[in-house]
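For reference, final-v3.pdb (PDB, C-alpha atoms):
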```pdb
ATOM      1  CA  MET A   1      64.823   4.295  60.198
ATOM      2  CA  HIS A   2      61.385   5.605  61.101
ATOM      3  CA  PHE A   3      58.015   4.542  59.675
ATOM      4  CA  PRO A   4      55.455   7.006  61.084
ATOM      5  CA  LEU A   5      52.781   6.398  58.426
ATOM      6  CA  SER A   6      53.054   2.625  58.609
ATOM      7  CA  SER A   7      53.277   2.539  62.406
ATOM      8  CA  ALA A   8      49.985   4.399  62.682
ATOM      9  CA  ILE A   9      48.046   1.550  61.052
ATOM     10  CA  SER A  10      49.965  -1.393  62.511
ATOM     11  CA  GLY A  11      49.202  -3.320  65.660
ATOM     12  CA  HIS A  12      52.898  -3.038  66.447
ATOM     13  CA  LEU A  13      55.783  -2.145  64.118
ATOM     14  CA  GLU A  14      59.450  -2.857  64.663
ATOM     15  CA  TYR A  15      62.337  -2.049  62.326
ATOM     16  CA  VAL A  16      65.719  -3.760  62.475
ATOM     17  CA  GLU A  17      68.773  -2.969  60.356
ATOM     18  CA  THR A  18      69.518  -6.632  59.743
ATOM     19  CA  THR A  19      68.063 -10.023  60.622
ATOM     20  CA  GLY A  20      68.025 -13.564  59.359
ATOM     21  CA  SER A  21      64.374 -13.553  58.337
ATOM     22  CA  THR A  22      61.526 -11.261  59.333
ATOM     23  CA  ASN A  23      59.154 -14.214  58.979
ATOM     24  CA  THR A  24      61.169 -16.340  61.387
ATOM     25  CA  ASP A  25      61.312 -13.436  63.853
ATOM     26  CA  LEU A  26      57.542 -12.915  63.837
ATOM     27  CA  VAL A  27      56.718 -16.615  64.071
ATOM     28  CA  ALA A  28      58.955 -16.882  67.143
ATOM     29  CA  SER A  29      57.336 -13.909  68.916
ATOM     30  CA  ALA A  30      53.747 -14.280  67.659
ATOM     31  CA  ASN A  31      52.318 -15.255  71.059
ATOM     32  CA  ASP A  32      53.421 -11.932  72.525
ATOM     33  CA  LEU A  33      52.238  -9.667  69.712
ATOM     34  CA  PRO A  34      48.839  -8.318  68.638
ATOM     35  CA  ASP A  35      47.123  -8.960  65.347
ATOM     36  CA  PHE A  36      48.611  -7.064  62.385
ATOM     37  CA  SER A  37      52.026  -6.653  63.970
ATOM     38  CA  VAL A  38      54.723  -5.757  61.445
ATOM     39  CA  ARG A  39      58.461  -6.382  61.289
ATOM     40  CA  VAL A  40      60.629  -4.577  58.742
ATOM     41  CA  ALA A  41      64.306  -5.153  58.014
ATOM     42  CA  GLY A  42      66.909  -3.228  56.059
ATOM     43  CA  PHE A  43      68.669  -6.476  55.182
ATOM     44  CA  GLN A  44      67.855 -10.175  55.461
ATOM     45  CA  SER A  45      70.740 -12.638  55.609
ATOM     46  CA  ALA A  46      68.500 -15.705  55.357
ATOM     47  CA  GLY A  47      65.668 -14.483  53.180
ATOM     48  CA  ARG A  48      63.797 -17.201  51.335
ATOM     49  CA  GLY A  49      61.842 -17.398  48.142
ATOM     50  CA  ARG A  50      59.471 -20.067  46.921
ATOM     51  CA  SER A  51      60.439 -23.703  47.567
ATOM     52  CA  GLY A  52      63.030 -22.625  50.132
ATOM     53  CA  ARG A  53      65.324 -20.883  47.640
ATOM     54  CA  ASP A  54      67.639 -18.188  49.014
ATOM     55  CA  TRP A  55      66.624 -14.613  48.264
ATOM     56  CA  LEU A  56      69.245 -11.939  48.929
ATOM     57  CA  ALA A  57      69.382  -8.277  47.955
ATOM     58  CA  PRO A  58      71.843  -5.447  48.688
ATOM     59  CA  ALA A  59      71.150  -3.690  51.994
ATOM     60  CA  GLY A  60      68.709  -0.821  51.620
ATOM     61  CA  SER A  61      67.680  -1.764  48.083
ATOM     62  CA  SER A  62      64.487  -3.636  48.948
ATOM     63  CA  LEU A  63      61.541  -3.606  51.283
ATOM     64  CA  PHE A  64      61.546  -6.669  53.534
ATOM     65  CA  VAL A  65      58.366  -6.898  55.614
ATOM     66  CA  SER A  66      56.411  -9.521  57.506
ATOM     67  CA  VAL A  67      52.899  -9.106  58.887
ATOM     68  CA  LEU A  68      51.283 -11.193  61.609
ATOM     69  CA  LEU A  69      47.665 -12.013  60.787
ATOM     70  CA  LYS A  70      46.234 -13.489  63.964
ATOM     71  CA  PRO A  71      42.448 -13.096  64.126
ATOM     72  CA  ALA A  72      40.688 -13.383  67.462
ATOM     73  CA  ALA A  73      39.602 -16.875  68.469
ATOM     74  CA  GLY A  74      36.560 -17.978  66.500
ATOM     75  CA  GLN A  75      36.739 -15.195  63.905
ATOM     76  CA  LEU A  76      38.343 -17.214  61.141
ATOM     77  CA  GLU A  77      38.675 -20.968  60.756
ATOM     78  CA  PRO A  78      42.209 -22.128  59.836
ATOM     79  CA  VAL A  79      40.866 -23.656  56.624
ATOM     80  CA  LYS A  80      40.256 -20.084  55.432
ATOM     81  CA  PHE A  81      43.899 -19.096  55.954
ATOM     82  CA  SER A  82      44.694 -20.297  52.419
ATOM     83  CA  TRP A  83      43.317 -16.990  51.119
ATOM     84  CA  LEU A  84      45.697 -14.836  53.167
ATOM     85  CA  PRO A  85      48.799 -15.229  50.938
ATOM     86  CA  LEU A  86      46.714 -14.506  47.834
ATOM     87  CA  MET A  87      45.283 -11.474  49.605
ATOM     88  CA  ALA A  88      48.807 -10.238  50.318
ATOM     89  CA  GLY A  89      49.805 -10.632  46.676
ATOM     90  CA  LEU A  90      46.762  -8.629  45.633
ATOM     91  CA  ALA A  91      47.539  -5.903  48.191
ATOM     92  CA  MET A  92      51.151  -5.650  46.992
ATOM     93  CA  ALA A  93      50.053  -5.503  43.352
ATOM     94  CA  ASN A  94      47.631  -2.707  44.193
ATOM     95  CA  ALA A  95      50.392  -0.829  46.032
ATOM     96  CA  VAL A  96      52.855  -1.228  43.157
ATOM     97  CA  GLY A  97      50.154  -0.078  40.761
ATOM     98  CA  THR A  98      50.061   3.306  42.515
ATOM     99  CA  LEU A  99      53.787   3.792  41.901
ATOM    100  CA  VAL A 100      54.228   2.603  38.303
ATOM    101  CA  ASP A 101      51.972   2.189  35.269
ATOM    102  CA  ALA A 102      49.213   0.035  36.743
ATOM    103  CA  SER A 103      48.275  -1.474  33.370
ATOM    104  CA  GLY A 104      51.379  -3.668  33.460
ATOM    105  CA  VAL A 105      50.969  -4.889  37.055
ATOM    106  CA  LYS A 106      49.642  -8.422  37.511
ATOM    107  CA  VAL A 107      49.833 -11.289  39.979
ATOM    108  CA  LYS A 108      51.283 -14.645  38.984
ATOM    109  CA  TRP A 109      49.500 -17.299  41.036
ATOM    110  CA  PRO A 110      49.640 -17.510  43.930
ATOM    111  CA  ASN A 111      51.250 -14.188  44.850
ATOM    112  CA  ASP A 112      54.275 -13.127  42.790
ATOM    113  CA  VAL A 113      53.786  -9.554  41.607
ATOM    114  CA  LEU A 114      54.879  -8.876  38.028
ATOM    115  CA  VAL A 115      55.350  -5.638  36.143
ATOM    116  CA  ASN A 116      55.310  -6.222  32.396
ATOM    117  CA  ASP A 117      55.938  -9.936  33.101
ATOM    118  CA  LEU A 118      59.017  -9.184  35.235
ATOM    119  CA  LYS A 119      59.007 -10.145  38.913
ATOM    120  CA  ILE A 120      59.101  -7.233  41.338
ATOM    121  CA  SER A 121      57.758  -8.847  44.517
ATOM    122  CA  GLY A 122      57.278 -12.245  46.098
ATOM    123  CA  VAL A 123      55.273 -13.386  49.105
ATOM    124  CA  LEU A 124      56.063 -16.241  51.486
ATOM    125  CA  SER A 125      53.594 -17.300  54.200
ATOM    126  CA  GLU A 126      54.102 -19.440  57.279
ATOM    127  CA  LEU A 127      51.397 -20.992  59.433
ATOM    128  CA  LEU A 128      51.851 -20.473  63.168
ATOM    129  CA  PRO A 129      52.573 -23.745  65.013
ATOM    130  CA  ASP A 130      49.343 -23.486  67.030
ATOM    131  CA  PHE A 131      47.239 -22.716  63.912
ATOM    132  CA  SER A 132      46.157 -19.376  65.392
ATOM    133  CA  GLY A 133      47.273 -17.348  62.396
ATOM    134  CA  VAL A 134      49.726 -16.802  59.587
ATOM    135  CA  VAL A 135      52.850 -14.712  59.087
ATOM    136  CA  ILE A 136      52.963 -13.151  55.629
ATOM    137  CA  GLY A 137      56.397 -12.116  54.427
ATOM    138  CA  ALA A 138      56.917  -9.959  51.350
ATOM    139  CA  GLY A 139      59.959  -8.700  49.535
ATOM    140  CA  LEU A 140      59.702  -5.798  47.109
ATOM    141  CA  ASN A 141      62.518  -4.730  44.787
ATOM    142  CA  VAL A 142      62.820  -0.985  45.253
ATOM    143  CA  SER A 143      66.074   0.564  43.997
ATOM    144  CA  GLN A 144      68.098  -2.279  42.489
ATOM    145  CA  THR A 145      69.847  -1.860  39.172
ATOM    146  CA  GLN A 146      69.497  -4.673  36.653
ATOM    147  CA  ALA A 147      72.935  -5.972  37.648
ATOM    148  CA  GLN A 148      71.868  -6.248  41.302
ATOM    149  CA  LEU A 149      68.807  -8.379  40.597
ATOM    150  CA  PRO A 150      69.129 -12.142  41.112
ATOM    151  CA  ILE A 151      67.512 -13.132  37.815
ATOM    152  CA  ASP A 152      67.100 -11.512  34.401
ATOM    153  CA  ALA A 153      63.309 -11.821  34.626
ATOM    154  CA  ALA A 154      63.156  -9.427  37.588
ATOM    155  CA  THR A 155      62.727  -5.701  37.902
ATOM    156  CA  SER A 156      62.554  -2.951  40.523
ATOM    157  CA  LEU A 157      60.529   0.177  41.149
ATOM    158  CA  THR A 158      63.502   2.250  40.004
ATOM    159  CA  LEU A 159      63.806   0.339  36.744
ATOM    160  CA  GLN A 160      60.062   0.811  36.157
ATOM    161  CA  GLY A 161      60.334   4.563  36.549
ATOM    162  CA  ALA A 162      58.839   5.016  40.020
ATOM    163  CA  GLU A 163      59.665   8.386  41.545
ATOM    164  CA  ASP A 164      58.416   7.972  45.127
ATOM    165  CA  LEU A 165      60.891   5.579  46.736
ATOM    166  CA  SER A 166      60.152   6.417  50.365
ATOM    167  CA  LEU A 167      60.119   3.072  52.155
ATOM    168  CA  ASP A 168      57.553   4.339  54.648
ATOM    169  CA  GLY A 169      55.308   5.570  51.851
ATOM    170  CA  ILE A 170      55.621   2.309  49.935
ATOM    171  CA  LEU A 171      55.027   0.217  53.052
ATOM    172  CA  PHE A 172      52.026   2.329  54.026
ATOM    173  CA  ARG A 173      50.421   1.710  50.637
ATOM    174  CA  TYR A 174      50.873  -2.046  51.051
ATOM    175  CA  LEU A 175      49.764  -2.230  54.683
ATOM    176  CA  ALA A 176      46.725  -0.004  54.190
ATOM    177  CA  GLY A 177      45.512  -2.153  51.316
ATOM    178  CA  LEU A 178      46.260  -5.401  53.130
ATOM    179  CA  LYS A 179      44.520  -4.229  56.293
ATOM    180  CA  ASN A 180      41.353  -3.252  54.418
ATOM    181  CA  LEU A 181      41.227  -6.604  52.630
ATOM    182  CA  TYR A 182      41.989  -8.542  55.807
ATOM    183  CA  GLU A 183      39.453  -6.796  58.032
ATOM    184  CA  ASP A 184      36.739  -7.188  55.415
ATOM    185  CA  PHE A 185      37.639 -10.876  54.973
ATOM    186  CA  VAL A 186      37.480 -11.511  58.727
ATOM    187  CA  SER A 187      34.167  -9.633  58.995
ATOM    188  CA  VAL A 188      32.528 -12.177  56.664
ATOM    189  CA  ARG A 189      34.318 -15.094  58.387
ATOM    190  CA  GLY A 190      36.456 -15.850  55.376
ATOM    191  CA  ASP A 191      33.804 -16.033  52.693
ATOM    192  CA  ALA A 192      35.959 -14.956  49.744
ATOM    193  CA  ALA A 193      33.054 -15.092  47.309
ATOM    194  CA  THR A 194      30.675 -12.924  49.354
ATOM    195  CA  ASN A 195      33.145 -10.121  49.983
ATOM    196  CA  GLY A 196      34.514 -10.129  46.438
ATOM    197  CA  LEU A 197      38.059 -11.208  47.322
ATOM    198  CA  ARG A 198      37.965 -14.216  45.008
ATOM    199  CA  SER A 199      36.828 -12.161  42.022
ATOM    200  CA  HIS A 200      39.436  -9.468  42.722
ATOM    201  CA  VAL A 201      42.201 -12.073  42.953
ATOM    202  CA  ILE A 202      41.093 -13.678  39.692
ATOM    203  CA  GLY A 203      40.887 -10.282  37.995
ATOM    204  CA  ALA A 204      44.464  -9.420  38.987
ATOM    205  CA  CYS A 205      45.893 -12.851  38.158
ATOM    206  CA  SER A 206      47.771 -13.159  34.873
ATOM    207  CA  THR A 207      48.011 -16.943  35.291
ATOM    208  CA  VAL A 208      44.315 -17.536  34.687
ATOM    209  CA  GLY A 209      43.743 -18.095  30.989
ATOM    210  CA  ARG A 210      47.392 -19.014  30.369
ATOM    211  CA  ARG A 211      49.033 -22.247  29.283
ATOM    212  CA  VAL A 212      51.151 -23.286  32.252
ATOM    213  CA  ARG A 213      53.472 -25.923  33.612
ATOM    214  CA  ALA A 214      52.853 -26.784  37.267
ATOM    215  CA  ILE A 215      55.876 -28.257  39.044
ATOM    216  CA  LEU A 216      54.363 -30.173  41.926
ATOM    217  CA  PRO A 217      55.728 -31.782  45.097
ATOM    218  CA  GLY A 218      57.622 -34.963  44.302
ATOM    219  CA  ASP A 219      58.977 -33.440  41.053
ATOM    220  CA  LYS A 220      55.758 -34.182  39.217
ATOM    221  CA  GLU A 221      54.694 -31.927  36.365
ATOM    222  CA  LEU A 222      51.362 -30.971  34.887
ATOM    223  CA  ILE A 223      50.915 -28.983  31.676
ATOM    224  CA  GLY A 224      47.606 -27.444  30.807
ATOM    225  CA  GLU A 225      45.486 -24.295  30.807
ATOM    226  CA  ALA A 226      44.847 -22.423  34.040
ATOM    227  CA  ILE A 227      41.096 -21.903  33.927
ATOM    228  CA  GLY A 228      40.291 -20.385  37.306
ATOM    229  CA  ILE A 229      40.748 -20.226  41.058
ATOM    230  CA  ASP A 230      38.447 -22.258  43.289
ATOM    231  CA  GLU A 231      36.690 -21.361  46.542
ATOM    232  CA  THR A 232      39.790 -22.153  48.617
ATOM    233  CA  GLY A 233      42.262 -20.250  46.433
ATOM    234  CA  ARG A 234      43.596 -23.262  44.519
ATOM    235  CA  LEU A 235      44.584 -22.862  40.885
ATOM    236  CA  LEU A 236      42.417 -24.916  38.520
ATOM    237  CA  ILE A 237      44.250 -26.492  35.581
ATOM    238  CA  SER A 238      42.701 -28.302  32.662
ATOM    239  CA  PRO A 239      45.347 -30.893  31.675
ATOM    240  CA  GLU A 240      46.644 -30.711  28.122
ATOM    241  CA  ALA A 241      46.712 -34.513  28.021
ATOM    242  CA  GLY A 242      43.030 -34.676  28.871
ATOM    243  CA  GLY A 243      41.208 -35.791  31.966
ATOM    244  CA  GLU A 244      39.561 -33.989  34.842
ATOM    245  CA  VAL A 245      40.430 -30.482  36.009
ATOM    246  CA  VAL A 246      43.156 -30.529  38.680
ATOM    247  CA  ALA A 247      43.155 -28.153  41.680
ATOM    248  CA  ILE A 248      46.684 -27.058  42.667
ATOM    249  CA  ALA A 249      47.215 -25.892  46.248
ATOM    250  CA  ALA A 250      51.014 -25.578  46.084
ATOM    251  CA  GLY A 251      53.680 -25.719  43.409
ATOM    252  CA  ASP A 252      55.804 -23.651  41.065
ATOM    253  CA  ILE A 253      53.889 -22.317  38.075
ATOM    254  CA  VAL A 254      55.648 -21.539  34.815
ATOM    255  CA  HIS A 255      53.830 -19.453  32.223
ATOM    256  CA  LEU A 256      54.160 -21.073  28.794
ATOM    257  CA  ARG A 257      53.556 -19.773  25.320
ATOM    258  CA  HIS A 258      50.636 -21.242  23.403
ATOM    259  CA  ASN A 259      51.662 -23.486  20.561
TER     260      ASN A 259
END
```

Could I get this file's structure written as structure tokens?
Amino acid sequence: MHFPLSSAISGHLEYVETTGSTNTDLVASANDLPDFSVRVAGFQSAGRGRSGRDWLAPAGSSLFVSVLLKPAAGQLEPVKFSWLPLMAGLAMANAVGTLVDASGVKVKWPNDVLVNDLKISGVLSELLPDFSGVVIGAGLNVSQTQAQLPIDAATSLTLQGAEDLSLDGILFRYLAGLKNLYEDFVSVRGDAATNGLRSHVIGACSTVGRRVRAILPGDKELIGEAIGIDETGRLLISPEAGGEVVAIAAGDIVHLRHN
């Protein structure tokens, strides 16, 4: 399969019919690749979702892509890398919004893309062992039928009425948006407030303003209202039981109905 549009804006793009995980592949070869290198697969046999859960889809039905974000030495402190997965979720939401009715496209913190509250894309990031960058993996449901989706609360571009299902066209939309956000972010040395990234992420996030349950490491739970996203990309939750606002850096978030 050829990706002429996407290849033109990538540092290096490689497509494989099948692999275990595009993220694992890029992490292993990161030292030999330039910034914004891309790996695309037709099928992943060891794809992973949040919290290490398996994520499989029929061959050819999804877009599986990983991007290496490896800024030059001194351009971006590793502490700023926490914004990169949120940036990728925003870029994917923007891309999906050009293919379906954009009014229903939102991001569930930190980076699941929803269409009318149904999951269409997820993002999984991995820090490089030498802290020089991050690999951002994304899976997008493209042509699955409802029966082919792993959960009832999922959807695909086909099910949402998208007509342009060219994988190169879809990937180009995502990469172009991600590259613009990334280059702008690096140019201000990761100041997400100055360049507007934080406000854009908050604006696209359907979690903010919702009653949520946060399932935290160690099987701890926190129920409260998500009231914002802080300067490092953490979700801010005001506990229902009272007490100080809690900043969540990692965890599963469940959207709850208000009583």

Practice task
Report as JSON, numbers by chain the full result of the PyMOL selection byres ((chain A and resi 196-210) around 7) when it is applied to this structure.
Solution key: {"A": [90, 106, 107, 108, 109, 192, 193, 194, 195, 211, 212, 225, 226, 227, 228, 229, 255]}

Problem - Within 9 Å of Leu171 of chain A using only C-alpha atoms, minus same-chain residues under 2 positions, as a list of chain:residue names - result: A:Phe3, A:Leu5, A:Ser6, A:Leu63, A:Val65, A:Ala95, A:Ser166, A:Leu167, A:Asp168, A:Gly169, A:Arg173, A:Tyr174, A:Leu175, A:Ala176

Taking C-alpha atoms for each residue, export the selection above as a PDB file, in the coordinates of the input.
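Wrote it out as result32.pdb, contents follow:
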```
ATOM      1  CA  PHE A   3      58.015   4.542  59.675  1.00  0.00           C
ATOM      2  CA  LEU A   5      52.781   6.398  58.426  1.00  0.00           C
ATOM      3  CA  SER A   6      53.054   2.625  58.609  1.00  0.00           C
ATOM      4  CA  LEU A  63      61.541  -3.606  51.283  1.00  0.00           C
ATOM      5  CA  VAL A  65      58.366  -6.898  55.614  1.00  0.00           C
ATOM      6  CA  ALA A  95      50.392  -0.829  46.032  1.00  0.00           C
ATOM      7  CA  SER A 166      60.152   6.417  50.365  1.00  0.00           C
ATOM      8  CA  LEU A 167      60.119   3.072  52.155  1.00  0.00           C
ATOM      9  CA  ASP A 168      57.553   4.339  54.648  1.00  0.00           C
ATOM     10  CA  GLY A 169      55.308   5.570  51.851  1.00  0.00           C
ATOM     11  CA  ARG A 173      50.421   1.710  50.637  1.00  0.00           C
ATOM     12  CA  TYR A 174      50.873  -2.046  51.051  1.00  0.00           C
ATOM     13  CA  LEU A 175      49.764  -2.230  54.683  1.00  0.00           C
ATOM     14  CA  ALA A 176      46.725  -0.004  54.190  1.00  0.00           C
TER      15      ALA A 176
END
```

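Between atom CA of Gly190 of chain A and atom CA of Val38 of chain A lies a distance of 21.7 Å.
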
Practice task
May I ask for the distance between atom CA of Ser29 of chain A and atom CA of Ser10 of chain A, given in Å to one decimal place?
Solution key: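 Taking atom CA of Ser29 of chain A and atom CA of Ser10 of chain A, their separation equals 15.9 Å.
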
Practice task
Might you spell out which residues the PyMOL selection byres ((chain A and resi 145) around 8) would select in the displayed file, as JSON, numbers by chain?
Solution key: {"A": [143, 144, 146, 147, 148, 149, 156, 158, 159]}

Practice task
Taking the point (50.4, -7.3, 35.0) as given in the file, collect each protein or nucleic acid residue that comes within 6 Å of it, counting all atoms listed in the file, and present the set as a PyMOL selection string.
Solution key: chain A and resi 104-106+114-116

Practice task
Please identify all polymer residues within 9 Å of Val245 of chain A, counting all atoms listed in the file, omitting same-chain residues fewer than 6 positions from it, and present them as a ChimeraX atom specification.
Solution key: /A:227,236-239
